[in-house]
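Everything below concerns the one structure shown next.
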Amino acid sequence: MSAGLLVVVLACAVVRPWGWPEAVVAVPAAGLVIGTGAISLAHAGAEAERLGPVIGFLAAVLVLAQLCDDEGLFHACGAWMARTAVGRPRRLLVQVFAVASVITAVLSLDATVVLLTPVVFATAARLGARPKPHLYACTHLSNTASLLLPVSNLTNLLAFAASELSFTRFAALMALPWLTAIGVEYVVMRRFFAADLDAGAQAPPGEVAPEMPLFAVVTVACTLAGFVLTSAMGINPAWAALAGALALAARALAQRRTTPGAIVRAAAWPFLAFVLALGIVVRAVVDNGLASALAHLVPLGSGLPALLGIAALAAVLANVINNLPATLVLLPLTAPVGSGPVLAVLLGVNIGPNLTYAGSLATLLWRRIVREHDTDVALGEFTRLGLLVVPAALALAVVALWGSLQLVGG
Amino acid sequence: MAVIVWITEGTWPACVDAARTHAPAGTEIVLLHVTGHEIPGVAHGAFAGLLGRGHPERDPGTRLEDLAATSARQLLDAAADRLGRTCTRMERTGRIEREVVTAAQGAQLLILARDGDHTHLGPHSLGPASRFVVDHAPCPVLLVWPEPAPGIATIPPPPHPPHHR
C-alpha cells in the first residue's frame, strides 16, 4: 500500500492536478501511512526528527536567496558579466559558468534556476550574443554545480543529515568532484555550441554597471564562514543560514523594501511540508520491502567500482522518477556503509538529471502529453548534449570523489 | 516577391548591409527574427525538474518568453535603423530553422550570414540551423561573411598528400 501511495504522491507532484500544491496530496498520504500502521509511529517520528533540521535549513537558504535577489545581487552579477564580456561570447560563457557555479553552490540550485536564469538571458541579449549556450550552461550547472556544499541542493541536505560528515568535510570531499564535473560541462559545451559562440556579439558597451550590493555579499560571505565555524563547534550549520537570512530580512524590513508576508512566503511552506510528507511515505516504502529489494541492486562498498555502480544506479533512478525520491530511497541503504557511497549517490542524483529534459522521464512524458506552455521543445538537442555530458561528468566525478576519499579520508 | 533578411544575434549587421547592396530599389525587404522554442523551453524544463516547489508563477521560462520577445523587438529595431529603408519586421517563434524556411517561401532572395570561426576561411561555415536553412531553402540564398572575409591563405592545407597512380 505504501508503494501505491508513493506512486500517487509522486504522480500528483508531477501532474499537479487542478494546480494544487504538491503537499495537498503528500501530507494526507503521510497521515495515511502512519494511521494504517504502514510505518510505526517511532519510525515516522525518527524520520520527522531527522528531516526537521533539514527543512529548517532549506527554508533559511530559500529566504536568503530571495533576499539577495531583492538586494539586487543577481542583477549586479548580470551587469558585471555584461561589462566584462563585451563582444566576446566565449568570455561570457566562462563568466556564466563561474557565476552559476558559485550561486548554485552557495544559494542552492533553486536560486540559479529561478533567479539567475532570466538574468543570464537578459545579459546575453544586452551583449547581442546568442543566448542558447549560456542558458543551457545555467540550467545544466544548476544540477552539476550543486555538488559542493550541503546547502547547494536539497538532496545534499538530506545526505548531510543521513551521514556523519561535518559541513567542512563534506565540502572538502566534494570540491574535486564539483570542479571535475563543471570542467567536463565546460569542455563539452564549448564545442557543442561552437557555432553560436563564434557568432560574436555586436551590441555596443552598455550603461555603467550598478554597484555590487555590498551588504548582501558580506552577509553571504559571513554565512559561509558561519557554516565552517558552526560545524567546527559541533552546532548545526542551519543556524548560520538562519542568522544570514535574519540579517538580510532585518535590513530589508527596516528599509521597508519587503514585508514579513513576503519573507514568510519565500520560505515556500507547502514545499517544506511536501518534503517532510514525502520523506515519511518513502520511509514507509523502504521499511516495507523496498530496502531488501534494492539491497540486491545497490553495490555496497567504498571501492571505485562500487562507487561507480552506486552513482550510475542513482543517476538512472533520478532520471526515471526524480532525484528527490531517488535520494530518499537510496540514502537509508548507503548511509550505514559510510560517507563514500552516500556522496556517490549525490553525484548520481545531482549530475544525472541533465540527461533528460525536466530531470525525469515521468515529468517529461507528462509535459509531452499536456503540451504545457505549448512549446515543442527541441528534445533531440537537449538529450544529445546530456548524453555527451552526463556519462563523462559522472564517471570522472566519481573518480575524483574516490581520489578525495583517499586523500581526505571518508 | 521580397528579400528576406534573417537577423540573428552576433552576425546580423552584415546581412543588413548585404540587403542594402543587393536588394533592388523598390523591392520589399523583410527583416526576420526567430526565437527558438528551446529558449523558454530549457528554463521551463529546469523548473519542472524541481519537484514540489509549486508556485507556477515563479517559473523562469515564462519570464524568458517576455524577455525574448522584448529582445527580438529591439534587435529588429536596430536592424531597421541600420537598413535605413522602409522594411517589414517579422518576429516568429518556434523551431528556428523550420520557421526561416517557412518564411522564405516565395521569396526573391534569402540573406543569411555564415557561422563558424571568423579568423579563417572554411570549414564548418554553417551551424546546425543555418545548414538546415541552406539545404532546404525554397528560394535563392545569399550567404555573407559577418565581417570582411580573411585572406585566401587562411584555408587549411589539404589533408592528404596528392595521390599518384
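Going by the C-alpha cells order, chains are called A, B, ..., each with residues numbered from 1, while ligands are numbered from 1 in the order shown.
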Near stretch 176-183 of chain A, counting only C-alpha atoms, which residues have an atom at most 6 Å away, once you skip same-chain residues fewer than 3 positions from it, shown as a list of chain:residue names?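 Once the nearby chain positions are removed, what remains is A:Leu147, A:Leu148, A:Tyr186, A:Ala393, A:Ala397, A:Ala400, A:Leu401.
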Those same residues, written as a PDB file, in the first residue's frame with all heavy atoms?
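Dumped everything to out.pdb:
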```
ATOM      1  N   LEU A 147      26.974  20.205  -6.283  1.00  0.00           N
ATOM      2  CA  LEU A 147      27.621  19.120  -5.546  1.00  0.00           C
ATOM      3  C   LEU A 147      28.384  19.609  -4.325  1.00  0.00           C
ATOM      4  O   LEU A 147      28.605  18.862  -3.387  1.00  0.00           O
ATOM      5  CB  LEU A 147      28.623  18.397  -6.468  1.00  0.00           C
ATOM      6  CG  LEU A 147      28.065  17.623  -7.658  1.00  0.00           C
ATOM      7  CD1 LEU A 147      29.202  17.184  -8.562  1.00  0.00           C
ATOM      8  CD2 LEU A 147      27.290  16.416  -7.186  1.00  0.00           C
ATOM      9  N   LEU A 148      28.789  20.876  -4.332  1.00  0.00           N
ATOM     10  CA  LEU A 148      29.858  21.303  -3.415  1.00  0.00           C
ATOM     11  C   LEU A 148      29.480  21.312  -1.936  1.00  0.00           C
ATOM     12  O   LEU A 148      30.178  20.738  -1.115  1.00  0.00           O
ATOM     13  CB  LEU A 148      30.358  22.691  -3.832  1.00  0.00           C
ATOM     14  CG  LEU A 148      31.525  23.224  -3.007  1.00  0.00           C
ATOM     15  CD1 LEU A 148      32.755  22.348  -3.175  1.00  0.00           C
ATOM     16  CD2 LEU A 148      31.855  24.655  -3.405  1.00  0.00           C
ATOM     17  N   TYR A 186      32.028  22.321 -19.147  1.00  0.00           N
ATOM     18  CA  TYR A 186      32.580  23.450 -19.893  1.00  0.00           C
ATOM     19  C   TYR A 186      33.190  22.990 -21.217  1.00  0.00           C
ATOM     20  O   TYR A 186      32.908  23.563 -22.276  1.00  0.00           O
ATOM     21  CB  TYR A 186      33.621  24.187 -19.048  1.00  0.00           C
ATOM     22  CG  TYR A 186      34.215  25.358 -19.774  1.00  0.00           C
ATOM     23  CD1 TYR A 186      33.445  26.492 -20.019  1.00  0.00           C
ATOM     24  CD2 TYR A 186      35.505  25.318 -20.273  1.00  0.00           C
ATOM     25  CE1 TYR A 186      33.962  27.563 -20.720  1.00  0.00           C
ATOM     26  CE2 TYR A 186      36.028  26.387 -20.970  1.00  0.00           C
ATOM     27  CZ  TYR A 186      35.254  27.507 -21.197  1.00  0.00           C
ATOM     28  OH  TYR A 186      35.765  28.551 -21.905  1.00  0.00           O
ATOM     29  N   ALA A 393      30.868  13.295 -17.207  1.00  0.00           N
ATOM     30  CA  ALA A 393      30.959  14.065 -15.966  1.00  0.00           C
ATOM     31  C   ALA A 393      30.781  13.149 -14.758  1.00  0.00           C
ATOM     32  O   ALA A 393      31.504  13.266 -13.760  1.00  0.00           O
ATOM     33  CB  ALA A 393      29.906  15.172 -15.951  1.00  0.00           C
ATOM     34  N   ALA A 397      33.696  12.454 -12.139  1.00  0.00           N
ATOM     35  CA  ALA A 397      33.429  12.979 -10.807  1.00  0.00           C
ATOM     36  C   ALA A 397      33.542  11.868  -9.762  1.00  0.00           C
ATOM     37  O   ALA A 397      34.029  12.099  -8.645  1.00  0.00           O
ATOM     38  CB  ALA A 397      32.049  13.622 -10.751  1.00  0.00           C
ATOM     39  N   ALA A 400      37.077  11.342  -9.144  1.00  0.00           N
ATOM     40  CA  ALA A 400      37.575  12.437  -8.310  1.00  0.00           C
ATOM     41  C   ALA A 400      37.153  12.241  -6.858  1.00  0.00           C
ATOM     42  O   ALA A 400      37.934  12.490  -5.931  1.00  0.00           O
ATOM     43  CB  ALA A 400      37.052  13.775  -8.840  1.00  0.00           C
ATOM     44  N   LEU A 401      35.915  11.778  -6.660  1.00  0.00           N
ATOM     45  CA  LEU A 401      35.452  11.521  -5.295  1.00  0.00           C
ATOM     46  C   LEU A 401      36.298  10.427  -4.638  1.00  0.00           C
ATOM     47  O   LEU A 401      36.715  10.547  -3.482  1.00  0.00           O
ATOM     48  CB  LEU A 401      33.974  11.099  -5.316  1.00  0.00           C
ATOM     49  CG  LEU A 401      33.425  10.613  -3.978  1.00  0.00           C
ATOM     50  CD1 LEU A 401      33.402  11.730  -2.956  1.00  0.00           C
ATOM     51  CD2 LEU A 401      32.019  10.029  -4.143  1.00  0.00           C
TER      52      LEU A 401
END
```
Taking only C-alpha atoms into account, find every residue of chain A that has an atom no more than 7 Å from chain B, and write it out as a VMD selection string. chain A and resid 13 21 to 22 113 to 114 117 to 118 122 125 128 to 130 132 136 139 195 198 to 202 271 274 357 to 360 375 to 378
Could you save the residues just selected, with N, CA, C and O atoms, as a tab-separated table (two decimals), in the first residue's frame?
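Final file, result-v1.tsv:
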```tsv
chain	number	residue	atom	x	y	z
A	13	ALA	N	2.65	15.13	-7.71
A	13	ALA	CA	3.67	16.18	-7.68
A	13	ALA	C	4.07	16.56	-9.10
A	13	ALA	O	4.36	17.72	-9.39
A	21	PRO	N	-1.02	22.63	-4.76
A	21	PRO	CA	0.36	22.45	-4.28
A	21	PRO	C	0.58	20.96	-4.03
A	21	PRO	O	-0.36	20.23	-3.67
A	22	GLU	N	1.82	20.53	-4.21
A	22	GLU	CA	2.15	19.11	-4.09
A	22	GLU	C	1.81	18.56	-2.71
A	22	GLU	O	1.51	17.39	-2.54
A	113	VAL	N	18.09	28.40	-10.92
A	113	VAL	CA	17.02	28.16	-11.88
A	113	VAL	C	16.04	29.34	-11.92
A	113	VAL	O	15.73	29.87	-12.99
A	114	VAL	N	15.59	29.76	-10.76
A	114	VAL	CA	14.50	30.74	-10.72
A	114	VAL	C	15.02	32.17	-10.89
A	114	VAL	O	14.43	32.97	-11.60
A	117	THR	N	18.67	32.43	-14.05
A	117	THR	CA	18.45	32.14	-15.48
A	117	THR	C	17.92	33.35	-16.25
A	117	THR	O	18.47	33.68	-17.32
A	118	PRO	N	16.89	34.05	-15.76
A	118	PRO	CA	16.43	35.23	-16.52
A	118	PRO	C	17.52	36.31	-16.64
A	118	PRO	O	17.62	36.97	-17.68
A	122	ALA	N	19.00	37.92	-20.08
A	122	ALA	CA	19.00	39.37	-20.31
A	122	ALA	C	20.41	39.86	-20.60
A	122	ALA	O	20.61	40.75	-21.44
A	125	ALA	N	21.35	38.93	-24.11
A	125	ALA	CA	20.60	39.79	-25.04
A	125	ALA	C	21.21	41.19	-25.08
A	125	ALA	O	21.35	41.79	-26.14
A	128	GLY	N	24.12	41.28	-27.17
A	128	GLY	CA	23.91	40.89	-28.55
A	128	GLY	C	24.48	39.53	-28.87
A	128	GLY	O	24.75	39.22	-30.03
A	129	ALA	N	24.67	38.70	-27.84
A	129	ALA	CA	25.20	37.35	-28.06
A	129	ALA	C	24.03	36.37	-28.18
A	129	ALA	O	22.95	36.62	-27.66
A	130	ARG	N	24.26	35.27	-28.86
A	130	ARG	CA	23.20	34.25	-28.94
A	130	ARG	C	23.02	33.64	-27.56
A	130	ARG	O	24.00	33.21	-26.94
A	132	LYS	N	21.55	30.89	-26.39
A	132	LYS	CA	21.37	29.47	-26.12
A	132	LYS	C	22.48	28.82	-25.29
A	132	LYS	O	22.18	28.17	-24.29
A	136	TYR	N	21.71	27.11	-21.58
A	136	TYR	CA	21.97	25.69	-21.32
A	136	TYR	C	22.98	25.55	-20.18
A	136	TYR	O	22.84	24.69	-19.32
A	139	THR	N	21.20	26.13	-16.81
A	139	THR	CA	20.32	25.06	-16.34
A	139	THR	C	21.12	23.79	-16.03
A	139	THR	O	20.83	23.11	-15.05
A	195	ALA	N	29.26	26.97	-32.89
A	195	ALA	CA	28.71	27.86	-33.93
A	195	ALA	C	28.09	29.10	-33.30
A	195	ALA	O	28.27	30.21	-33.80
A	198	ASP	N	30.89	31.34	-31.82
A	198	ASP	CA	31.71	32.00	-32.85
A	198	ASP	C	30.99	33.21	-33.44
A	198	ASP	O	31.64	34.07	-34.06
A	199	ALA	N	29.68	33.25	-33.30
A	199	ALA	CA	28.91	34.30	-33.99
A	199	ALA	C	29.24	35.69	-33.46
A	199	ALA	O	28.94	36.68	-34.10
A	200	GLY	N	29.87	35.75	-32.29
A	200	GLY	CA	30.23	37.06	-31.76
A	200	GLY	C	29.05	37.76	-31.10
A	200	GLY	O	27.96	37.18	-30.95
A	201	ALA	N	29.27	38.98	-30.69
A	201	ALA	CA	28.23	39.77	-30.03
A	201	ALA	C	28.41	41.21	-30.48
A	201	ALA	O	29.50	41.76	-30.35
A	202	GLN	N	27.35	41.79	-31.02
A	202	GLN	CA	27.50	43.06	-31.72
A	202	GLN	C	27.16	44.30	-30.91
A	202	GLN	O	27.53	45.40	-31.28
A	271	PHE	N	6.10	23.59	0.05
A	271	PHE	CA	7.22	22.76	-0.40
A	271	PHE	C	7.86	22.04	0.80
A	271	PHE	O	8.15	20.84	0.74
A	274	PHE	N	5.72	19.32	1.83
A	274	PHE	CA	5.81	18.24	0.85
A	274	PHE	C	7.04	17.37	1.11
A	274	PHE	O	6.98	16.15	1.07
A	357	TYR	N	15.41	16.16	-20.22
A	357	TYR	CA	14.77	17.45	-20.06
A	357	TYR	C	13.80	17.33	-18.89
A	357	TYR	O	13.07	16.36	-18.78
A	358	ALA	N	13.81	18.29	-17.98
A	358	ALA	CA	12.97	18.29	-16.78
A	358	ALA	C	13.41	17.25	-15.76
A	358	ALA	O	12.76	17.06	-14.75
A	359	GLY	N	14.54	16.59	-16.01
A	359	GLY	CA	15.14	15.77	-14.97
A	359	GLY	C	14.46	14.46	-14.66
A	359	GLY	O	14.92	13.73	-13.80
A	360	SER	N	13.36	14.14	-15.28
A	360	SER	CA	12.80	12.82	-15.06
A	360	SER	C	11.86	12.46	-16.19
A	360	SER	O	11.19	13.31	-16.77
A	375	THR	N	4.89	24.53	-26.09
A	375	THR	CA	6.18	24.59	-26.77
A	375	THR	C	6.59	23.19	-27.20
A	375	THR	O	6.37	22.22	-26.50
A	376	ASP	N	7.15	23.13	-28.38
A	376	ASP	CA	7.64	21.87	-28.88
A	376	ASP	C	9.15	21.91	-28.70
A	376	ASP	O	9.90	22.35	-29.55
A	377	VAL	N	9.58	21.49	-27.53
A	377	VAL	CA	10.99	21.66	-27.18
A	377	VAL	C	11.86	20.76	-28.05
A	377	VAL	O	11.49	19.64	-28.38
A	378	ALA	N	13.00	21.31	-28.43
A	378	ALA	CA	13.95	20.54	-29.21
A	378	ALA	C	14.59	19.50	-28.31
A	378	ALA	O	15.70	19.67	-27.82
```
Nearest to A:Met212 by atom-to-atom distance, counting only C-alpha atoms, from A:Val286, A:Val228, A:Ala79, A:Ala171: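 Going through A:Val286, A:Val228, A:Ala79, A:Ala171 one by one, the smallest distance to A:Met212 is for A:Ala79.
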Mind giving me the straight-line distance from atom CA of A:Pro305 to atom CA of A:Gly340 in Å, one decimal?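 Atom CA of A:Gly340 lies at a distance of 11.9 Å from atom CA of A:Pro305.
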Between B:Ile96, B:Leu76, B:Ala107, B:Ala23, single out the one closest to B:Cys139, counting only C-alpha atoms.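 Between B:Ile96, B:Leu76, B:Ala107, B:Ala23, the residue approaching B:Cys139 most closely is B:Ala107.
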Within 10 Å of stretch 155-160 of chain B using only C-alpha atoms, minus same-chain residues under 6 positions, as a ChimeraX atom specification: /B:120-123
So that I have them on file, write out the residues from the current selection with N, CA, C and O atoms, as a PDB file, in the first residue's frame.
```pdb
ATOM      1  N   HIS B 120      39.425  32.328 -40.191  1.00  0.00           N
ATOM      2  CA  HIS B 120      39.936  31.651 -41.388  1.00  0.00           C
ATOM      3  C   HIS B 120      38.787  31.208 -42.271  1.00  0.00           C
ATOM      4  O   HIS B 120      37.649  31.080 -41.814  1.00  0.00           O
ATOM      5  N   LEU B 121      39.104  30.970 -43.525  1.00  0.00           N
ATOM      6  CA  LEU B 121      38.091  30.505 -44.468  1.00  0.00           C
ATOM      7  C   LEU B 121      37.816  29.029 -44.189  1.00  0.00           C
ATOM      8  O   LEU B 121      38.747  28.279 -43.897  1.00  0.00           O
ATOM      9  N   GLY B 122      36.525  28.642 -44.305  1.00  0.00           N
ATOM     10  CA  GLY B 122      36.169  27.245 -44.192  1.00  0.00           C
ATOM     11  C   GLY B 122      36.600  26.638 -42.897  1.00  0.00           C
ATOM     12  O   GLY B 122      36.891  27.388 -42.010  1.00  0.00           O
ATOM     13  N   PRO B 123      36.627  25.389 -42.718  1.00  0.00           N
ATOM     14  CA  PRO B 123      35.484  24.503 -42.919  1.00  0.00           C
ATOM     15  C   PRO B 123      34.449  24.736 -41.829  1.00  0.00           C
ATOM     16  O   PRO B 123      34.717  25.483 -40.914  1.00  0.00           O
TER      17      PRO B 123
END
```
Residues near A:Arg384, cut-off 9 Å, only C-alpha atoms, skip fewer than 5 positions along chain, as JSON, numbers by chain: {"A": [355, 379, 389]}
I'd like to know which residues of stretch 18-141 of chain B are strand (DSSP E or B) (by DSSP, run on the backbone); could you write them as a ChimeraX atom specification? /B:28-36,88-94,109-113,141
Export, as an mmCIF file, in the first residue's frame, the selected residues with C-alpha atoms.
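The new file selection_18.cif reads:
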```
data_model
loop_
_atom_site.group_PDB
_atom_site.id
_atom_site.type_symbol
_atom_site.label_atom_id
_atom_site.label_comp_id
_atom_site.auth_asym_id
_atom_site.auth_seq_id
_atom_site.Cartn_x
_atom_site.Cartn_y
_atom_site.Cartn_z
ATOM 1 C CA GLU B 28 10.117 44.798 -50.234
ATOM 2 C CA ILE B 29 12.661 43.938 -47.544
ATOM 3 C CA VAL B 30 11.565 41.726 -44.678
ATOM 4 C CA LEU B 31 13.685 41.584 -41.510
ATOM 5 C CA LEU B 32 13.057 38.189 -39.927
ATOM 6 C CA HIS B 33 13.968 37.130 -36.409
ATOM 7 C CA VAL B 34 13.106 33.738 -34.962
ATOM 8 C CA THR B 35 13.245 32.994 -31.239
ATOM 9 C CA GLY B 36 13.916 29.322 -30.672
ATOM 10 C CA THR B 88 8.732 44.908 -42.762
ATOM 11 C CA ARG B 89 9.644 43.354 -39.396
ATOM 12 C CA MET B 90 8.708 39.746 -38.833
ATOM 13 C CA GLU B 91 9.027 38.040 -35.446
ATOM 14 C CA ARG B 92 8.465 34.327 -35.207
ATOM 15 C CA THR B 93 8.899 31.708 -32.518
ATOM 16 C CA GLY B 94 9.360 28.000 -32.970
ATOM 17 C CA LEU B 109 16.143 36.101 -52.052
ATOM 18 C CA LEU B 110 17.075 34.928 -48.550
ATOM 19 C CA ILE B 111 20.095 36.592 -46.966
ATOM 20 C CA LEU B 112 21.918 34.952 -44.062
ATOM 21 C CA ALA B 113 25.369 35.085 -42.530
ATOM 22 C CA VAL B 141 20.178 32.129 -50.877
#
```
Write out as a ChimeraX atom specification the set of residues from chain B that DSSP, computed on the backbone, places in alpha helix (DSSP H). /B:12-22,38-48,60-83,96-103,128-136
Which residues are close to stretch 289-298 of chain A, i.e. within 9 Å by only C-alpha atoms, leaving aside same-chain residues fewer than 4 positions away? Reply as an NGL selection string. :A and (3 or 285 or 306 or 309-310 or 313 or 329-330 or 332-334)
Set the distance at 8 Å and use only C-alpha atoms: which residues neighbour A:Val96 once local chain neighbours fewer than 6 positions away are removed? I'd like the list as a list of chain:residue names. A:Met81, A:Val120, A:His134, A:Ala137, A:Cys138
Keeping only N, CA and C atoms, write the selected residues as a PDB file, in the first residue's frame.
```
ATOM      1  N   MET A  81      28.859  40.740 -15.662  1.00  0.00           N
ATOM      2  CA  MET A  81      29.155  39.891 -16.815  1.00  0.00           C
ATOM      3  C   MET A  81      29.034  40.694 -18.102  1.00  0.00           C
ATOM      4  N   VAL A 120      20.738  35.795 -16.811  1.00  0.00           N
ATOM      5  CA  VAL A 120      21.709  35.352 -17.810  1.00  0.00           C
ATOM      6  C   VAL A 120      21.170  35.614 -19.217  1.00  0.00           C
ATOM      7  N   HIS A 134      24.503  29.982 -23.152  1.00  0.00           N
ATOM      8  CA  HIS A 134      24.544  30.496 -21.787  1.00  0.00           C
ATOM      9  C   HIS A 134      23.362  29.987 -20.964  1.00  0.00           C
ATOM     10  N   ALA A 137      24.008  26.392 -20.196  1.00  0.00           N
ATOM     11  CA  ALA A 137      25.018  26.322 -19.144  1.00  0.00           C
ATOM     12  C   ALA A 137      24.362  26.540 -17.785  1.00  0.00           C
ATOM     13  N   CYS A 138      23.506  27.542 -17.716  1.00  0.00           N
ATOM     14  CA  CYS A 138      22.839  27.887 -16.466  1.00  0.00           C
ATOM     15  C   CYS A 138      22.004  26.712 -15.946  1.00  0.00           C
TER      16      CYS A 138
END
```
